[in-house]
file query.txt (compact mmCIF, C-alpha atoms)
# COMPACT_ATOMS: atom_id res chain seq x y z
CA MET A 231 -14.37 -14.49 -11.17
CA THR A 232 -15.01 -11.52 -13.39
CA THR A 233 -12.26 -9.15 -14.23
CA ALA A 234 -13.01 -5.86 -15.89
CA VAL A 235 -11.44 -5.92 -19.32
CA ILE A 236 -9.29 -2.89 -19.69
CA ALA A 237 -8.78 -1.80 -23.26
CA LEU A 238 -5.31 -2.67 -24.49
CA GLU A 239 -3.71 -1.96 -27.85
CA PRO A 240 -3.78 -5.10 -30.01
CA ARG A 241 0.02 -5.27 -30.02
CA VAL A 242 0.15 -5.10 -26.21
CA SER A 243 -2.76 -7.46 -25.83
CA ALA A 244 -1.07 -10.11 -28.01
CA ALA A 245 2.19 -9.79 -26.07
CA LEU A 246 0.33 -9.91 -22.75
CA ALA A 247 -1.58 -13.03 -23.81
CA GLU A 248 1.64 -14.82 -24.71
CA PHE A 249 3.26 -13.77 -21.41
CA LEU A 250 0.24 -14.85 -19.33
CA LEU A 251 0.09 -18.16 -21.16
CA SER A 252 3.74 -18.90 -20.46
CA MET A 253 3.42 -18.07 -16.75
CA ALA A 254 0.15 -19.98 -16.38
CA ASP A 255 1.58 -23.04 -18.16
CA ASP A 256 4.70 -22.93 -15.97
CA GLU A 257 2.63 -22.93 -12.79
CA PHE A 258 0.19 -25.53 -14.12
CA VAL A 259 2.87 -27.96 -15.26
CA ILE A 260 5.05 -27.77 -12.14
CA GLY A 261 1.97 -27.81 -9.91
CA PHE A 262 0.53 -30.90 -11.54
CA SER A 263 3.91 -32.61 -11.75
CA ASP A 264 4.70 -32.06 -8.07
CA SER A 265 1.21 -33.12 -7.02
CA GLU A 266 2.36 -36.61 -7.97
CA TRP A 267 4.34 -36.68 -4.73
CA THR A 268 1.09 -36.79 -2.77
CA GLY A 269 1.21 -39.95 -0.72
CA ILE A 270 4.78 -40.90 -1.62
CA ALA A 271 6.94 -38.01 -0.36
CA PRO A 272 9.82 -38.91 1.99
CA ILE A 273 7.97 -38.06 5.22
CA LEU A 274 4.37 -37.31 6.08
CA GLU A 275 4.98 -33.66 6.97
CA GLU A 276 6.79 -32.99 3.70
CA ASP A 277 4.09 -34.88 1.83
CA VAL A 278 1.54 -32.40 3.17
CA ALA A 279 3.85 -29.43 2.48
CA MET A 280 4.64 -30.50 -1.08
CA SER A 281 1.01 -31.25 -1.85
CA SER A 282 -0.01 -27.88 -0.45
CA ILE A 283 2.62 -26.06 -2.51
CA ALA A 284 1.55 -27.97 -5.62
CA GLN A 285 -2.02 -26.82 -4.95
CA ASP A 286 -0.81 -23.25 -4.54
CA GLU A 287 0.74 -23.47 -8.01
CA LEU A 288 -2.44 -24.88 -9.55
CA GLY A 289 -4.32 -22.01 -7.88
CA HIS A 290 -1.93 -19.49 -9.42
CA ALA A 291 -2.30 -21.20 -12.80
CA ARG A 292 -6.08 -21.01 -12.53
CA ALA A 293 -6.01 -17.29 -11.70
CA LEU A 294 -3.59 -16.61 -14.58
CA TYR A 295 -5.70 -18.64 -17.06
CA GLU A 296 -8.75 -16.65 -15.92
CA LEU A 297 -6.93 -13.40 -16.67
CA LEU A 298 -5.81 -14.82 -19.98
CA ALA A 299 -9.41 -15.70 -20.80
CA THR A 300 -10.41 -12.06 -20.37
CA VAL A 301 -7.57 -10.93 -22.63
CA LEU A 302 -8.27 -13.50 -25.36
CA ASP A 303 -12.04 -13.13 -25.02
CA ASP A 304 -12.58 -16.03 -27.43
CA GLY A 305 -15.09 -18.00 -25.39
CA ARG A 306 -12.56 -20.31 -23.74
CA ASP A 307 -12.58 -20.40 -19.94
CA ALA A 308 -9.73 -21.32 -17.57
CA ASP A 309 -10.47 -25.07 -17.82
CA ALA A 310 -10.53 -24.99 -21.60
CA LEU A 311 -7.23 -23.12 -21.64
CA ALA A 312 -5.66 -25.52 -19.15
CA TYR A 313 -6.88 -28.81 -20.60
CA ASP A 314 -8.08 -28.48 -24.18
CA ARG A 315 -4.81 -27.98 -26.02
CA GLU A 316 -2.50 -30.40 -27.76
CA PRO A 317 0.88 -30.90 -26.00
CA GLU A 318 2.67 -28.78 -28.63
CA ALA A 319 0.52 -25.75 -27.77
CA TYR A 320 1.78 -25.52 -24.17
CA ARG A 321 4.29 -22.75 -23.50
CA HIS A 322 5.93 -23.80 -20.23
CA ALA A 323 9.68 -23.43 -19.91
CA ARG A 324 11.91 -26.29 -20.97
CA LEU A 325 13.11 -26.63 -17.36
CA LEU A 326 9.68 -28.11 -16.61
CA ASP A 327 9.95 -30.60 -19.46
CA HIS A 328 12.14 -32.60 -17.11
CA GLY A 329 9.96 -34.95 -15.12
CA ARG A 330 9.94 -34.73 -11.36
CA GLY A 331 12.49 -37.58 -11.16
CA ASP A 332 13.68 -38.58 -7.69
CA TRP A 333 13.34 -36.36 -4.63
CA ALA A 334 16.70 -34.66 -5.26
CA THR A 335 15.66 -33.82 -8.84
CA THR A 336 12.34 -32.45 -7.63
CA ILE A 337 14.07 -30.23 -5.05
CA ALA A 338 16.66 -29.07 -7.59
CA ARG A 339 13.93 -28.27 -10.14
CA ARG A 340 11.82 -26.46 -7.53
CA PHE A 341 14.77 -24.46 -6.25
CA LEU A 342 15.74 -23.32 -9.75
CA TYR A 343 12.15 -22.69 -10.80
CA ASP A 344 10.95 -20.88 -7.68
CA THR A 345 13.93 -18.53 -7.52
CA ALA A 346 13.50 -17.70 -11.22
CA ASP A 347 9.73 -17.35 -10.87
CA ALA A 348 10.19 -14.98 -7.92
CA ALA A 349 12.55 -12.85 -10.02
CA ARG A 350 10.04 -12.82 -12.87
CA LEU A 351 7.14 -11.84 -10.59
CA ALA A 352 9.24 -9.04 -9.10
CA SER A 353 9.79 -7.63 -12.60
CA ILE A 354 6.06 -7.21 -13.27
CA GLY A 355 4.87 -3.62 -12.91
CA GLU A 356 1.61 -1.72 -12.60
CA GLY A 357 0.99 -1.50 -16.36
CA TRP A 358 -2.13 -3.67 -16.28
CA ALA A 359 -3.95 -3.47 -12.97
CA PRO A 360 -5.60 -6.93 -13.01
CA LEU A 361 -2.19 -8.59 -13.39
CA ALA A 362 -0.49 -6.29 -10.87
CA ASP A 363 -3.19 -7.09 -8.28
CA LEU A 364 -2.90 -10.84 -8.87
CA VAL A 365 0.90 -10.78 -8.78
CA ALA A 366 0.84 -9.03 -5.40
CA LYS A 367 -1.18 -11.97 -4.02
CA ILE A 368 0.84 -14.66 -5.76
CA ARG A 369 4.11 -13.23 -4.45
CA ARG A 370 2.90 -13.63 -0.86
CA GLU A 371 2.68 -17.40 -1.42
CA GLU A 372 5.73 -17.72 -3.64
CA ARG A 373 7.86 -16.11 -0.94
CA TYR A 374 7.20 -19.18 1.20
CA HIS A 375 7.91 -21.56 -1.69
CA VAL A 376 11.35 -19.99 -2.16
CA MET A 377 12.04 -20.24 1.59
CA HIS A 378 10.94 -23.86 1.70
CA PHE A 379 12.99 -25.08 -1.23
CA THR A 380 16.02 -23.01 -0.31
CA ILE A 381 15.97 -24.80 3.05
CA TRP A 382 15.70 -28.16 1.32
CA ALA A 383 18.49 -27.29 -1.12
CA ASP A 384 20.63 -26.33 1.85
CA ARG A 385 19.86 -29.55 3.76
CA LEU A 386 20.53 -31.82 0.79
CA ALA A 387 23.75 -30.00 -0.10
CA ARG A 388 25.01 -30.24 3.50
CA ALA A 389 24.08 -33.89 3.85
CA ASP A 390 26.81 -36.40 3.27
CA GLY A 391 27.01 -39.02 0.59
CA ASP A 392 24.10 -39.99 -1.58
CA ALA A 393 21.82 -37.03 -0.80
CA ARG A 394 24.39 -34.41 -1.79
CA ALA A 395 25.65 -36.41 -4.78
CA ARG A 396 22.15 -36.83 -6.18
CA PHE A 397 21.24 -33.21 -5.54
CA VAL A 398 24.36 -31.85 -7.24
CA ALA A 399 23.91 -34.24 -10.18
CA ALA A 400 20.28 -33.09 -10.55
CA LEU A 401 21.28 -29.41 -10.48
CA GLU A 402 23.90 -30.04 -13.15
CA MET A 403 21.44 -31.98 -15.27
CA LEU A 404 18.85 -29.16 -15.07
CA ALA A 405 21.27 -26.20 -15.26
CA PRO A 406 21.35 -25.89 -19.08
CA ASP A 407 17.54 -25.42 -19.11
CA ALA A 408 17.06 -23.44 -15.89
CA SER A 409 17.17 -19.98 -17.44
CA THR A 410 14.39 -20.88 -19.91
CA VAL A 411 11.95 -19.68 -17.20
CA LEU A 412 13.31 -16.17 -17.77
CA ALA A 413 13.47 -16.27 -21.56
CA PRO A 414 12.37 -12.83 -22.80
CA PRO A 415 8.75 -13.13 -23.95
CA GLU A 416 7.86 -12.34 -27.52
CA GLY A 417 6.66 -8.77 -27.54
CA GLU A 418 8.79 -7.87 -24.54
CA ALA A 419 9.30 -4.35 -25.93
CA ALA A 420 5.53 -3.76 -25.97
CA LEU A 421 5.18 -5.02 -22.37
CA LEU A 422 8.04 -2.79 -21.23
CA ALA A 423 6.56 0.22 -23.04
CA VAL A 424 3.29 0.06 -21.06
CA GLY A 425 4.87 -0.92 -17.73
CA ILE A 426 3.52 -4.48 -17.57
CA LEU A 427 7.19 -5.38 -17.32
CA THR A 428 9.57 -3.02 -15.57
CA ARG A 429 12.86 -4.57 -16.70
CA PRO A 430 14.08 -6.62 -19.65
CA MET A 431 14.16 -10.34 -18.83
CA ALA A 432 17.84 -10.51 -19.75
CA GLU A 433 18.55 -8.19 -16.82
CA VAL A 434 16.24 -10.15 -14.51
CA ALA A 435 17.99 -13.37 -15.52
CA ALA A 436 21.43 -11.90 -14.83
CA ASP A 437 20.38 -10.94 -11.27
CA TRP A 438 18.78 -14.33 -10.75
CA ARG A 439 22.01 -16.08 -11.74
CA THR A 440 23.89 -13.96 -9.19
CA ASP A 441 21.32 -14.84 -6.49
CA VAL A 442 21.53 -18.56 -7.23
CA ALA A 443 25.33 -18.41 -7.07
CA ARG A 444 25.07 -16.58 -3.75
CA THR A 445 22.98 -19.45 -2.31
CA LEU A 446 24.87 -22.37 -3.85
CA GLY A 447 28.40 -20.92 -3.62
CA PRO A 448 28.70 -21.27 0.18
CA LEU A 449 27.48 -24.86 -0.23
CA GLY A 450 30.42 -25.57 -2.53
CA ILE A 451 28.31 -25.86 -5.68
CA GLN A 452 29.31 -23.98 -8.82
CA LEU A 453 26.52 -24.12 -11.36
CA ALA A 454 26.93 -23.02 -14.97
CA LEU A 455 23.63 -21.26 -15.72
CA GLU A 456 23.01 -20.04 -19.25
CA PRO A 457 21.88 -16.52 -20.04
CA ALA A 458 18.19 -16.76 -20.95
CA ALA A 459 17.56 -17.92 -24.51
CA ASN A 460 14.74 -16.40 -26.54
CA SER A 461 11.35 -17.74 -25.75
CA GLY A 462 10.70 -19.63 -29.00
CA PRO A 463 13.06 -22.54 -28.40
CA ALA A 464 12.83 -22.13 -24.61
CA ARG A 465 9.10 -22.84 -24.57
CA THR A 466 8.35 -25.13 -27.53
CA GLY A 467 9.27 -28.61 -28.72
CA HIS A 468 8.32 -30.45 -25.55
CA SER A 469 9.75 -33.70 -24.23
CA ASP A 470 8.28 -37.20 -23.99
CA ALA A 471 8.14 -36.72 -20.22
CA PHE A 472 5.78 -33.78 -20.76
CA ARG A 473 3.68 -35.64 -23.30
CA TRP A 474 3.22 -38.40 -20.72
CA LEU A 475 2.27 -35.82 -18.08
CA TRP A 476 -0.17 -34.20 -20.53
CA GLY A 477 -1.82 -37.60 -21.03
CA GLU A 478 -2.25 -37.84 -17.26
CA PHE A 479 -3.62 -34.38 -16.58
CA THR A 480 -6.01 -34.36 -19.53
CA SER A 481 -7.24 -37.94 -19.14
CA VAL A 482 -10.33 -37.19 -17.06
CA ARG A 483 -11.28 -34.16 -19.14
CA ARG A 484 -10.86 -36.15 -22.38
CA SER A 485 -12.86 -39.08 -21.04
CA GLU A 486 -16.10 -37.13 -21.49
CA PRO A 487 -15.59 -34.02 -23.63
CA GLY A 488 -18.05 -31.27 -22.85
CA ALA A 489 -19.23 -32.81 -19.60
CA THR A 490 -20.13 -30.57 -16.69
CA TRP A 491 -18.06 -31.70 -13.72
CA MET B 78 2.25 -36.12 13.78
CA THR B 79 4.03 -38.67 15.84
CA ASP B 80 2.80 -41.68 17.66
CA ASN B 81 5.92 -43.01 19.34
CA GLY B 82 4.16 -43.26 22.64
CA ASP B 83 7.21 -43.39 24.87
CA ARG B 84 7.91 -39.74 24.09
CA MET B 85 4.39 -38.39 24.18
CA ILE B 86 4.24 -35.48 26.62
CA ASP B 87 0.47 -35.64 26.50
CA GLU B 88 0.63 -39.04 28.11
CA GLY B 89 3.13 -37.92 30.69
CA GLY B 90 5.97 -40.03 29.36
CA PRO B 91 9.58 -39.21 30.08
CA VAL B 92 11.64 -37.21 27.63
CA ALA B 93 15.16 -38.28 26.87
CA PRO B 94 17.13 -35.04 26.51
CA VAL B 95 19.23 -34.86 23.35
CA ALA B 96 22.13 -32.41 23.21
CA GLU B 97 21.19 -30.57 20.02
CA ALA B 98 19.30 -31.03 16.78
CA THR B 99 21.06 -33.67 14.74
CA GLY B 100 19.24 -33.37 11.43
CA ILE B 101 17.39 -36.58 12.30
CA LEU B 102 13.62 -36.33 12.53
CA GLU B 103 12.39 -35.64 16.03
CA PRO B 104 9.17 -34.30 17.52
CA TYR B 105 8.48 -30.59 17.86
CA GLU B 106 5.49 -29.39 19.88
CA VAL B 107 3.40 -26.76 18.13
CA PHE B 108 1.68 -23.88 19.91
CA ARG B 109 -0.80 -21.72 18.08
CA GLN B 110 -2.72 -18.53 18.65
CA GLU B 111 -6.14 -18.52 17.11
CA LYS B 112 -6.85 -14.81 17.42
CA ASP B 113 -4.77 -11.81 18.34
CA GLY B 114 -4.74 -11.40 22.12
CA GLU B 115 -5.58 -15.02 22.90
CA PRO B 116 -3.08 -17.23 24.68
CA MET B 117 -0.78 -19.56 22.77
CA ARG B 118 -2.31 -23.01 23.09
CA HIS B 119 -0.80 -26.41 22.42
CA GLY B 120 -2.00 -27.57 19.01
CA GLY B 121 -0.17 -30.84 18.44
CA ASN B 122 3.18 -31.85 17.08
CA VAL B 123 5.19 -32.39 13.93
CA MET B 124 8.27 -34.41 13.10
CA ALA B 125 11.11 -32.33 11.68
CA PRO B 126 14.91 -32.38 11.42
CA ASP B 127 15.28 -28.82 12.77
CA ALA B 128 13.28 -25.85 14.06
CA GLU B 129 13.19 -24.09 10.70
CA LEU B 130 11.48 -26.98 8.92
CA ALA B 131 9.37 -27.63 12.03
CA LEU B 132 7.92 -24.13 11.57
CA HIS B 133 7.23 -24.80 7.90
CA TYR B 134 5.47 -28.05 8.74
CA ALA B 135 3.57 -26.42 11.61
CA ARG B 136 2.39 -23.78 9.13
CA GLU B 137 1.12 -26.53 6.80
CA MET B 138 -0.53 -28.55 9.55
CA PHE B 139 -1.96 -25.81 11.76
CA SER B 140 -2.52 -22.68 9.69
CA ARG B 141 -2.71 -23.32 5.98
CA ARG B 142 -6.37 -22.40 6.02
CA GLY B 143 -5.88 -19.40 8.26
CA GLU B 144 -6.63 -21.20 11.55
CA SER B 145 -3.75 -19.53 13.37
CA VAL B 146 -2.36 -16.02 13.51
CA ARG B 147 0.85 -16.97 15.34
CA LEU B 148 2.86 -20.17 15.72
CA TRP B 149 5.60 -21.41 18.02
CA VAL B 150 7.49 -24.66 17.86
CA VAL B 151 9.49 -26.16 20.69
CA ARG B 152 11.74 -29.16 20.34
CA ARG B 153 10.15 -31.73 22.60
CA ALA B 154 13.54 -32.71 24.00
CA ASP B 155 13.97 -29.10 25.17
CA ILE B 156 10.86 -29.16 27.34
CA GLY B 157 11.48 -29.50 31.05
CA VAL B 158 9.37 -32.29 32.48
CA LEU B 159 8.53 -32.96 36.08
CA ASP B 160 9.33 -36.62 36.50
CA ASP B 161 7.98 -37.15 39.98
CA LEU B 162 4.25 -36.99 39.40
CA ASP B 163 3.59 -37.75 43.08
CA LEU B 164 4.60 -34.14 43.82
CA LEU B 165 1.41 -33.06 42.07
CA GLN B 166 -0.88 -35.13 44.32
CA PRO B 167 -1.47 -33.55 47.78
CA PRO B 168 -1.51 -36.45 50.23
CA LEU B 169 -3.73 -34.71 52.83
CA ASP B 170 -7.09 -33.06 52.60
CA ARG B 171 -6.59 -29.43 51.57
CA SER B 172 -10.16 -28.77 50.50
CA PHE B 173 -10.33 -25.92 53.01
CA LYS B 174 -7.93 -24.00 50.73
CA LYS B 175 -10.44 -24.02 47.90
CA PRO B 176 -12.78 -21.04 47.64
CA GLY B 177 -15.89 -23.09 46.92
CA GLY B 178 -18.81 -22.19 49.13
CA TYR B 179 -18.15 -18.45 49.18
CA LEU B 180 -20.63 -16.37 47.24
CA MET B 181 -18.70 -13.38 45.96
CA ARG B 182 -21.17 -12.06 43.42
CA ASP B 183 -23.32 -9.99 45.78
CA LYS B 184 -20.31 -8.63 47.70
CA LEU B 185 -18.63 -7.60 44.48
CA ALA B 186 -21.79 -5.92 43.19
CA ALA B 187 -22.07 -3.98 46.47
CA ALA B 188 -18.39 -2.96 46.28
CA ARG B 189 -18.81 -1.81 42.69
CA GLY B 190 -21.84 0.17 43.71
CA ARG B 191 -19.80 1.98 46.36
CA ALA B 192 -16.93 2.60 43.94
CA GLY B 193 -19.24 3.64 41.10
CA THR B 194 -17.66 1.17 38.64
CA SER B 195 -19.26 -1.51 36.49
CA LYS B 196 -18.43 -5.12 35.86
CA PRO B 197 -15.56 -5.51 33.42
CA LYS B 198 -16.62 -6.95 30.06
CA ALA B 199 -15.43 -10.36 28.98
CA ARG B 200 -12.43 -10.21 26.66
CA GLN B 201 -13.35 -10.30 23.01
call {"tool": "encode", "arguments": {"input": "query.txt", "output": "structure tokens"}}
result
Amino acid sequence: MTTAVIALEPRVSAALAEFLLSMADDEFVIGFSDSEWTGIAPILEEDVAMSSIAQDELGHARALYELLATVLDDGRDADALAYDREPEAYRHARLLDHGRGDWATTIARRFLYDTADAARLASIGEGWAPLADLVAKIRREERYHVMHFTIWADRLARADGDARARFVAALEMLAPDASTVLAPPEGEAALLAVGILTRPMAEVAADWRTDVARTLGPLGIQLALEPAANSGPARTGHSDAFRWLWGEFTSVRRSEPGATW
Amino acid sequence: MTDNGDRMIDEGGPVAPVAEATGILEPYEVFRQEKDGEPMRHGGNVMAPDAELALHYAREMFSRRGESVRLWVVRRADIGVLDDLDLLQPPLDRSFKKPGGYLMRDKLAAARGRAGTSKPKARQ
């Protein structure tokens, strides 16, 4: 894919690169992590659905890394950006540092992530056409992801006994880190100034918290979600669970550096 | 996506009616339209706890690569089934009711000639 590079001020370009990297890493990490359910999901139909959604996310990550490659213009392609970094250089949100855990944890993580991701995508404006065009496509798939995991959240919360208990425990375990997806990016002011973002992330996060409460409230779940922290601590200092995942997803690439696959 | 043969409509088995969806997995029959204007055709089935998830699973199984433009799901237990298959087998020779043996093509062409119309095109 070639994307026409549209001249951006250096300040905007640096902020955009950081923002693209964080979104791409989010999609890449959750996509790869959830792809581990392939073959072992609770039922065959959901196995196919989860695998397909995980592939959607990897597809979004690929498209975002490709855009990032045009912005950075440093010779690295999407694969190099996805695979050739040390774990510390990844900028996914701390929410995704939690491993997929059991099925309830996976559903809780997906529900929190997909609702936050949808809010983030909705806040992206027309400031940089290549991103605006891509976001319009991504949102058409993410709409389904939100529907799917909202249904699952609803079913687990309404189930009796173990299913509900595990789901609520998972939500509570993830809640302190959930808003890291919407941590204001460094250089947010520059992105707002040129219309790449249309609203400050703090505002987006506040609306997202209201939306989550509106879904979980009727299910009798009160979740204490933090206002979004700033992106430094929200997206650095990754967990052992992520370092393990990194070992998995880079293992083939590292087995033969420079090979043409 | 089910193989519990005793409930397979395709094999003409009986269907035990269940009052309403219970949240337990049960078969849903999937109908799909391949192109706008074409009839809905039976595509297969999925197991799901309710119609909402059945539609999600139908989407994954029957249209994730754009193979369908429209989907329906029907809970198999909600399908009316004719139990007495003998009713479908005429016991006496009714072959005289079948139109085989008549050649309509020439008559139709002559009628169209009189009416000044042409043969309708096949549907796209």
call {"tool": "residues_around", "arguments": {"input": "query.txt", "residues": "segment 391-403 of chain A", "least_positions_apart": "2", "cutoff": "10 Å", "atoms": "all atoms listed in the file", "output": "PyMOL selection string"}}
result
chain A and resi 328+331-339+341-342+383-389+405-408+450-455
call {"tool": "residues_around", "arguments": {"input": "query.txt", "residues": "segment 140-150 of chain B", "least_positions_apart": "6", "cutoff": "7 Å", "atoms": "all atoms listed in the file", "output": "PyMOL selection string"}}
result
chain B and resi 105-113+131-132
call {"tool": "atom_distance", "arguments": {"input": "query.txt", "atom1": "atom CA of Ser461 of chain A", "atom2": "atom CA of Leu361 of chain A"}}
result
20.5 Å
call {"tool": "interface_residues", "arguments": {"input": "query.txt", "of": "chain A", "to": "chain B", "cutoff": "10 Å", "atoms": "only C-alpha atoms", "output": "count of residues only"}}
result
18
call {"tool": "atom_distance", "arguments": {"input": "query.txt", "atom1": "atom CA of Arg189 of chain B", "atom2": "atom CA of Gly177 of chain B"}}
result
21.9 Å
call {"tool": "residues_around", "arguments": {"input": "query.txt", "residues": "segment 239-244 of chain A", "least_positions_apart": "3", "cutoff": "7 Å", "atoms": "all atoms listed in the file", "output": "PyMOL selection string"}}
result
chain A and resi 247-248+301+420-421
call {"tool": "atom_distance", "arguments": {"input": "query.txt", "atom1": "atom CA of Leu288 of chain A", "atom2": "atom CA of Gly261 of chain A"}}
result
5.3 Å
call {"tool": "closest_atom_pairs", "arguments": {"input": "query.txt", "of": "segment 414-441 of chain A", "to": "segment 250-255 of chain A", "cutoff": "12 Å", "atoms": "all atoms listed in the file", "output": "JSON lines"}}
result
{"residue": "A:Pro414", "atom": "CA", "partner": "A:Ser252", "partner_atom": "CA", "distance": 10.8}
{"residue": "A:Pro415", "atom": "CA", "partner": "A:Ser252", "partner_atom": "CA", "distance": 8.4}
{"residue": "A:Glu416", "atom": "CA", "partner": "A:Ser252", "partner_atom": "CA", "distance": 10.5}
{"residue": "A:Leu421", "atom": "CA", "partner": "A:Leu250", "partner_atom": "CA", "distance": 11.4}
{"residue": "A:Ile426", "atom": "CA", "partner": "A:Leu250", "partner_atom": "CA", "distance": 11.0}
{"residue": "A:Leu427", "atom": "CA", "partner": "A:Leu250", "partner_atom": "CA", "distance": 11.9}
call {"tool": "write_last_selection", "arguments": {"input": "query.txt", "atoms": "C-alpha atoms", "output": "compact mmCIF listing (two decimals), keeping the file's coordinate frame"}}
result
# COMPACT_ATOMS: atom_id res chain seq x y z
CA PRO A 414 12.37 -12.83 -22.80
CA PRO A 415 8.75 -13.13 -23.95
CA GLU A 416 7.86 -12.34 -27.52
CA LEU A 421 5.18 -5.02 -22.37
CA ILE A 426 3.52 -4.48 -17.57
CA LEU A 427 7.19 -5.38 -17.32
call {"tool": "decode", "arguments": {"input": "query.txt", "residues": "segment 164-181 of chain B", "atoms": "N, CA and C atoms", "output": "PDB file, in the first residue's frame"}}
result
ATOM      1  N   LEU B 164     -48.061 -37.963   3.528  1.00  0.00           N
ATOM      2  CA  LEU B 164     -48.922 -36.991   2.864  1.00  0.00           C
ATOM      3  C   LEU B 164     -48.262 -36.395   1.627  1.00  0.00           C
ATOM      4  N   LEU B 165     -46.951 -36.541   1.534  1.00  0.00           N
ATOM      5  CA  LEU B 165     -46.223 -35.950   0.410  1.00  0.00           C
ATOM      6  C   LEU B 165     -46.042 -36.945  -0.745  1.00  0.00           C
ATOM      7  N   GLN B 166     -46.542 -38.168  -0.553  1.00  0.00           N
ATOM      8  CA  GLN B 166     -46.349 -39.202  -1.578  1.00  0.00           C
ATOM      9  C   GLN B 166     -47.697 -39.592  -2.190  1.00  0.00           C
ATOM     10  N   PRO B 167     -48.062 -39.052  -3.371  1.00  0.00           N
ATOM     11  CA  PRO B 167     -49.351 -39.412  -3.982  1.00  0.00           C
ATOM     12  C   PRO B 167     -49.411 -40.918  -4.212  1.00  0.00           C
ATOM     13  N   PRO B 168     -50.462 -41.563  -3.719  1.00  0.00           N
ATOM     14  CA  PRO B 168     -50.526 -43.025  -3.833  1.00  0.00           C
ATOM     15  C   PRO B 168     -50.912 -43.482  -5.237  1.00  0.00           C
ATOM     16  N   LEU B 169     -51.598 -42.645  -6.008  1.00  0.00           N
ATOM     17  CA  LEU B 169     -52.065 -43.066  -7.342  1.00  0.00           C
ATOM     18  C   LEU B 169     -51.301 -42.308  -8.422  1.00  0.00           C
ATOM     19  N   ASP B 170     -51.392 -42.818  -9.608  1.00  0.00           N
ATOM     20  CA  ASP B 170     -50.682 -42.200 -10.729  1.00  0.00           C
ATOM     21  C   ASP B 170     -51.329 -40.866 -11.086  1.00  0.00           C
ATOM     22  N   ARG B 171     -50.614 -39.781 -10.937  1.00  0.00           N
ATOM     23  CA  ARG B 171     -51.125 -38.461 -11.293  1.00  0.00           C
ATOM     24  C   ARG B 171     -50.276 -37.835 -12.400  1.00  0.00           C
ATOM     25  N   SER B 172     -49.610 -38.695 -13.169  1.00  0.00           N
ATOM     26  CA  SER B 172     -48.673 -38.154 -14.161  1.00  0.00           C
ATOM     27  C   SER B 172     -49.399 -37.304 -15.204  1.00  0.00           C
ATOM     28  N   PHE B 173     -50.733 -37.549 -15.333  1.00  0.00           N
ATOM     29  CA  PHE B 173     -51.465 -36.754 -16.330  1.00  0.00           C
ATOM     30  C   PHE B 173     -51.574 -35.295 -15.918  1.00  0.00           C
ATOM     31  N   LYS B 174     -51.294 -34.993 -14.622  1.00  0.00           N
ATOM     32  CA  LYS B 174     -51.328 -33.595 -14.174  1.00  0.00           C
ATOM     33  C   LYS B 174     -50.061 -32.837 -14.555  1.00  0.00           C
ATOM     34  N   LYS B 175     -49.022 -33.578 -14.928  1.00  0.00           N
ATOM     35  CA  LYS B 175     -47.758 -32.908 -15.225  1.00  0.00           C
ATOM     36  C   LYS B 175     -47.745 -32.411 -16.664  1.00  0.00           C
ATOM     37  N   PRO B 176     -47.158 -31.263 -16.913  1.00  0.00           N
ATOM     38  CA  PRO B 176     -47.241 -30.655 -18.241  1.00  0.00           C
ATOM     39  C   PRO B 176     -46.240 -31.207 -19.241  1.00  0.00           C
ATOM     40  N   GLY B 177     -45.504 -32.239 -18.895  1.00  0.00           N
ATOM     41  CA  GLY B 177     -44.532 -32.791 -19.821  1.00  0.00           C
ATOM     42  C   GLY B 177     -45.219 -33.247 -21.105  1.00  0.00           C
ATOM     43  N   GLY B 178     -44.562 -33.094 -22.232  1.00  0.00           N
ATOM     44  CA  GLY B 178     -45.172 -33.539 -23.464  1.00  0.00           C
ATOM     45  C   GLY B 178     -45.759 -32.395 -24.273  1.00  0.00           C
ATOM     46  N   TYR B 179     -46.117 -31.294 -23.596  1.00  0.00           N
ATOM     47  CA  TYR B 179     -46.604 -30.136 -24.347  1.00  0.00           C
ATOM     48  C   TYR B 179     -45.424 -29.296 -24.792  1.00  0.00           C
ATOM     49  N   LEU B 180     -45.444 -28.875 -26.050  1.00  0.00           N
ATOM     50  CA  LEU B 180     -44.384 -27.979 -26.502  1.00  0.00           C
ATOM     51  C   LEU B 180     -44.956 -26.570 -26.580  1.00  0.00           C
ATOM     52  N   MET B 181     -44.555 -25.737 -25.634  1.00  0.00           N
ATOM     53  CA  MET B 181     -45.137 -24.404 -25.520  1.00  0.00           C
ATOM     54  C   MET B 181     -44.354 -23.367 -26.317  1.00  0.00           C
TER      55      MET B 181
END
